[in-house]
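Engineer: The following block contains the structure, expressed as structure tokens.
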Amino acid sequence: MTPEEEERELEALLELSRRGRARLDRLHEVLTSPGHYGTGATPSAVVYRENKLRLLRLLDGHGQPRSGPPVLFVPAPVSRYFIIDLLPGRSFAGHVAAAGFDVFVIDFGTPTSEDRYADLAYYVDGLIRRSVRVVSQLTGQPAINVIGYCLGGTLSLLYAALYPETVARLVLLTTMVDGDVEGGIAWVAHRMGLAGESYDTPRLVPAGEVKSWFEMLAPGSNSLIGRVTDLWERLDDPAARLRDVRTMATWVDDVVPAPGRLLAELYQKFGPGRNGLMTGRVQIGDTMVELAAVQMPVLSVSAEKDLIAPPEGVDAITKIVPHAEVLRLPGGHVGIVAGRTAASLWQRTVEFLATSRGGAHGT
Amino acid sequence: MTLTADGKTAAKDSTLVERWLEDQREWQRTAMAYLDSMVKNEDFLVHLGNAMRGSLLAGKPYPAAPPAGQPAVQEAPVDNRVDQVLFALHQIQGQLTDLRMAFDELRNRGKASSSAMPATRPKAKATKRTRTKRPTTGAARKAKPRPGRTRRG
């Protein structure tokens, strides 16, 4: 090797060292700077608390609630609520609020040991019903708009069937209704042992176990080497962009423990081979719910590349709620709600809710 | 001209050895920044641990998954009865909230109907009218058959 070649090689090593150090400096900056990590992006006030649940009411720039028609967001209780209020400029709830609606968001919180006994009736006829009631009392509106996301959509659909007179319009986002459509989180959980969950002697299903079901949906995402390599490559991005990535990562990776009784009941009633929602009748506690009671306008949105709730299983809503408007958007389960192309869903939702103003179901 | 991590420029004619020494000093600064954060910020270690697992999760450790092919180890509850009592208390709390909200609704309807009465109408009658209204407590709502749901048994 000539001296020039040696020098070129050393220069290359020096450059490699510089780049590695720059990435570590950027990582340090991101890990030590504040951001919207699990707190929601829009100012809000807690207007109701029960057990771990918090009901948030979004506030305007002056710290005041808006006076428009009320909208209640119901996220999935097995993940964190802030996916619908992720970042300034990337907030579904914030967009709906900016369109003039009085927006409320349920944060189911993180279940603890005693919450393993929580079942469908506790969520639907308890937490959601009382949240709707609080919204009605605060706004003076007997019927409000409800937007349910994922499993939160399932709970919202059941609530709307139980108390149809209190729901003006219903939006279901990536809400699986046909459990026999293969694929998605229900099937993974089925294969990973959800059938073994006991209703009578439930456990609090650890967050790591729930997370492993989601990881099984995306091959490679559960590979440590793959994840570390991906993060290392990302560290070339600007710190501001990395902070946004961190907010999303905080949602994706912060799965909460799940009440075993709820999972057992969901599996036994709606899971593969059971498929109770498609029969149009579901037992909730001691009440038989008829889905035919869902007569308010319904918008059901599916995502073309949804690995968690396959679009065919979502669009099947028209078999049990024939008047439901079905919309299939390009993107994935999370992308259509909080990704870079989510604005199309937000706008369509606002249009759907706005058409109810002054109508028979108007709020 | 070489641009260093902190934006300073090194002279084009600095020798390779000088730049290597400068690079070492920069590495020391980076290491000190990490050490400083580890000492001053308890959360930093959690966040760094998450990053070493490829996650930028903030605020808590990355959820540990059970080993492949093995069911998750079930943490044995201290006492099932304690949890059952605690959860029953949560349910009772919810039912009490129902009652309070029903009471508030009745009171507000009473006020509304009172204010809607003609001025000449005696107040006592308005109160009586309110009392005859259908009860709307959670229990009463459940007892009455409603569209969309039927009771079993």
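We label chains A, B, ... in the order they appear in the structure tokens, count residues from 1 in each chain, and number ligands from 1 in the order shown.
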If you count only C-alpha atoms, which residues fall within 10 Å of Ala258 (chain A), apart from same-chain ones fewer than 2 positions away, as JSON, numbers by chain?
Structural biologist: {"A": [77, 78, 79, 110, 111, 112, 113, 115, 116, 118, 203, 204, 205, 206, 207, 209, 210, 255, 256, 260, 261, 262, 263]}
Engineer: Restricting the calculation to only C-alpha atoms, which member of A:Ile317, A:Val337, A:Val134, A:Leu56 is positioned closest to Leu157 (chain A)?
Structural biologist: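 Distance minimum relative to Leu157 (chain A) lands on A:Ile317.
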Engineer: Counting only C-alpha atoms, what is within 9 Å of region 119-122 of chain A, bar same-chain residues fewer than 5 positions away, as a list in words?
Structural biologist: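 So, after excluding close chain neighbours, the residues are Leu127, Ile128, Leu155, Tyr199, Pro259, Gly260, Arg261, Leu262, Leu263, Ala264, Glu265, Leu266, Ile284, Gly285, Asp286 and Thr287 of chain A; Gln91 of chain B.
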Engineer: Store the residues of this selection in a file with all heavy atoms, as a compact mmCIF listing (two decimals), in the first residue's frame.
Structural biologist:
# COMPACT_ATOMS: atom_id res chain seq x y z
N LEU A 127 -68.04 2.61 31.29
CA LEU A 127 -67.13 3.74 31.02
C LEU A 127 -67.58 4.60 29.84
O LEU A 127 -67.61 5.82 29.94
CB LEU A 127 -65.71 3.20 30.77
CG LEU A 127 -65.04 2.46 31.94
CD1 LEU A 127 -63.65 1.98 31.54
CD2 LEU A 127 -64.94 3.36 33.17
N ILE A 128 -67.95 3.94 28.73
CA ILE A 128 -68.32 4.74 27.55
C ILE A 128 -69.67 5.42 27.78
O ILE A 128 -69.85 6.60 27.46
CB ILE A 128 -68.34 3.85 26.28
CG1 ILE A 128 -66.91 3.40 25.96
CG2 ILE A 128 -68.93 4.61 25.10
CD1 ILE A 128 -66.78 2.49 24.77
N LEU A 155 -66.28 -1.19 20.48
CA LEU A 155 -67.00 -0.76 21.69
C LEU A 155 -68.02 0.32 21.35
O LEU A 155 -69.15 0.31 21.87
CB LEU A 155 -66.01 -0.24 22.74
CG LEU A 155 -64.89 -1.21 23.17
CD1 LEU A 155 -63.98 -0.54 24.20
CD2 LEU A 155 -65.45 -2.50 23.75
N TYR A 199 -62.21 -16.41 31.12
CA TYR A 199 -63.15 -15.36 31.51
C TYR A 199 -63.35 -15.38 33.03
O TYR A 199 -63.41 -14.33 33.66
CB TYR A 199 -64.50 -15.58 30.81
CG TYR A 199 -65.52 -14.51 31.12
CD1 TYR A 199 -65.63 -13.37 30.33
CD2 TYR A 199 -66.37 -14.64 32.21
CE1 TYR A 199 -66.54 -12.38 30.64
CE2 TYR A 199 -67.30 -13.65 32.52
CZ TYR A 199 -67.38 -12.53 31.73
OH TYR A 199 -68.29 -11.55 32.03
N PRO A 259 -56.90 -6.23 30.03
CA PRO A 259 -57.73 -7.03 30.94
C PRO A 259 -58.04 -8.39 30.31
O PRO A 259 -58.61 -8.48 29.23
CB PRO A 259 -59.01 -6.19 31.07
CG PRO A 259 -58.63 -4.81 30.64
CD PRO A 259 -57.56 -4.99 29.61
N GLY A 260 -57.66 -9.47 31.00
CA GLY A 260 -57.84 -10.80 30.44
C GLY A 260 -59.30 -11.15 30.20
O GLY A 260 -59.64 -11.82 29.22
N ARG A 261 -60.18 -10.66 31.09
CA ARG A 261 -61.61 -10.99 30.92
C ARG A 261 -62.15 -10.35 29.64
O ARG A 261 -62.92 -10.98 28.91
CB ARG A 261 -62.41 -10.52 32.14
CG ARG A 261 -63.89 -10.79 32.01
CD ARG A 261 -64.61 -10.62 33.33
NE ARG A 261 -64.36 -11.74 34.22
CZ ARG A 261 -64.84 -11.84 35.46
NH1 ARG A 261 -65.58 -10.87 35.95
NH2 ARG A 261 -64.57 -12.89 36.20
N LEU A 262 -61.72 -9.11 29.36
CA LEU A 262 -62.17 -8.44 28.13
C LEU A 262 -61.69 -9.21 26.90
O LEU A 262 -62.46 -9.47 25.97
CB LEU A 262 -61.64 -7.00 28.09
CG LEU A 262 -61.95 -6.24 26.80
CD1 LEU A 262 -63.43 -5.94 26.69
CD2 LEU A 262 -61.15 -4.94 26.72
N LEU A 263 -60.40 -9.60 26.91
CA LEU A 263 -59.86 -10.33 25.75
C LEU A 263 -60.56 -11.67 25.58
O LEU A 263 -60.88 -12.08 24.46
CB LEU A 263 -58.35 -10.54 25.91
CG LEU A 263 -57.48 -9.29 25.89
CD1 LEU A 263 -56.00 -9.67 25.80
CD2 LEU A 263 -57.83 -8.36 24.73
N ALA A 264 -60.80 -12.36 26.70
CA ALA A 264 -61.47 -13.66 26.62
C ALA A 264 -62.87 -13.50 26.04
O ALA A 264 -63.30 -14.27 25.17
CB ALA A 264 -61.55 -14.30 28.01
N GLU A 265 -63.57 -12.46 26.48
CA GLU A 265 -64.93 -12.24 26.00
C GLU A 265 -64.94 -11.85 24.52
O GLU A 265 -65.77 -12.33 23.74
CB GLU A 265 -65.61 -11.15 26.84
CG GLU A 265 -67.11 -11.09 26.61
CD GLU A 265 -67.80 -10.09 27.53
OE1 GLU A 265 -67.10 -9.35 28.26
OE2 GLU A 265 -69.03 -10.05 27.51
N LEU A 266 -64.00 -10.98 24.14
CA LEU A 266 -63.91 -10.58 22.72
C LEU A 266 -63.64 -11.80 21.85
O LEU A 266 -64.23 -11.97 20.79
CB LEU A 266 -62.78 -9.56 22.53
CG LEU A 266 -63.05 -8.14 23.04
CD1 LEU A 266 -61.77 -7.32 23.00
CD2 LEU A 266 -64.13 -7.47 22.19
N ILE A 284 -74.28 -8.40 25.93
CA ILE A 284 -73.38 -7.53 26.70
C ILE A 284 -73.88 -7.53 28.14
O ILE A 284 -74.94 -6.98 28.42
CB ILE A 284 -73.37 -6.09 26.17
CG1 ILE A 284 -72.98 -6.05 24.70
CG2 ILE A 284 -72.43 -5.20 27.00
CD1 ILE A 284 -71.57 -6.40 24.43
N GLY A 285 -73.15 -8.14 29.04
CA GLY A 285 -73.65 -8.28 30.41
C GLY A 285 -74.93 -9.09 30.38
O GLY A 285 -74.96 -10.18 29.83
N ASP A 286 -75.99 -8.54 30.94
CA ASP A 286 -77.26 -9.27 30.91
C ASP A 286 -78.20 -8.72 29.84
O ASP A 286 -79.39 -8.94 29.88
CB ASP A 286 -77.94 -9.22 32.29
CG ASP A 286 -78.21 -7.80 32.74
OD1 ASP A 286 -77.78 -6.87 32.02
OD2 ASP A 286 -78.83 -7.62 33.80
N THR A 287 -77.65 -7.99 28.91
CA THR A 287 -78.48 -7.38 27.87
C THR A 287 -78.15 -7.96 26.49
O THR A 287 -76.97 -8.09 26.14
CB THR A 287 -78.23 -5.85 27.83
OG1 THR A 287 -78.45 -5.33 29.13
CG2 THR A 287 -79.15 -5.17 26.84
N GLN B 91 -66.71 -0.50 40.16
CA GLN B 91 -68.05 -0.60 39.57
C GLN B 91 -69.07 0.20 40.38
O GLN B 91 -69.92 0.88 39.82
CB GLN B 91 -68.47 -2.07 39.49
CG GLN B 91 -67.69 -2.84 38.42
CD GLN B 91 -68.09 -4.29 38.36
OE1 GLN B 91 -67.98 -5.01 39.35
NE2 GLN B 91 -68.54 -4.74 37.20
Engineer: With only C-alpha atoms as the atoms that count, which of A:Pro142, A:Gly152, A:Gly226, A:Pro65 lies nearest to chain B?
Structural biologist: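 For chain B, the nearest of the candidates is A:Gly226.
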Engineer: Please, what distance in Å, to one decimal, runs between CA of Glu233 (chain A) and CA of His28 (chain A)?
Structural biologist: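 Result for CA of Glu233 (chain A) versus CA of His28 (chain A): 15.0 Å, one decimal.
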Engineer: What is the distance between CA of Glu351 (chain A) and CA of His323 (chain A), in Å to one decimal?
Structural biologist: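 Straight-line distance from CA of Glu351 (chain A) to CA of His323 (chain A) works out to 17.4 Å.
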Engineer: Point out the residue among A:Gly35, A:Gly89, A:Gly179, A:Pro238 with the least atom-to-atom distance to Ala22 (chain A), counting only C-alpha atoms.
Structural biologist: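 Nearest candidate to Ala22 (chain A) out of A:Gly35, A:Gly89, A:Gly179, A:Pro238: A:Pro238.
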Engineer: Measuring between only C-alpha atoms, which one of A:Glu7, A:Asp85, A:Asp107, A:Asp306 shows the shortest distance to chain B?
Structural biologist: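 Of A:Glu7, A:Asp85, A:Asp107, A:Asp306, the one nearest chain B is A:Glu7, counting only C-alpha atoms.
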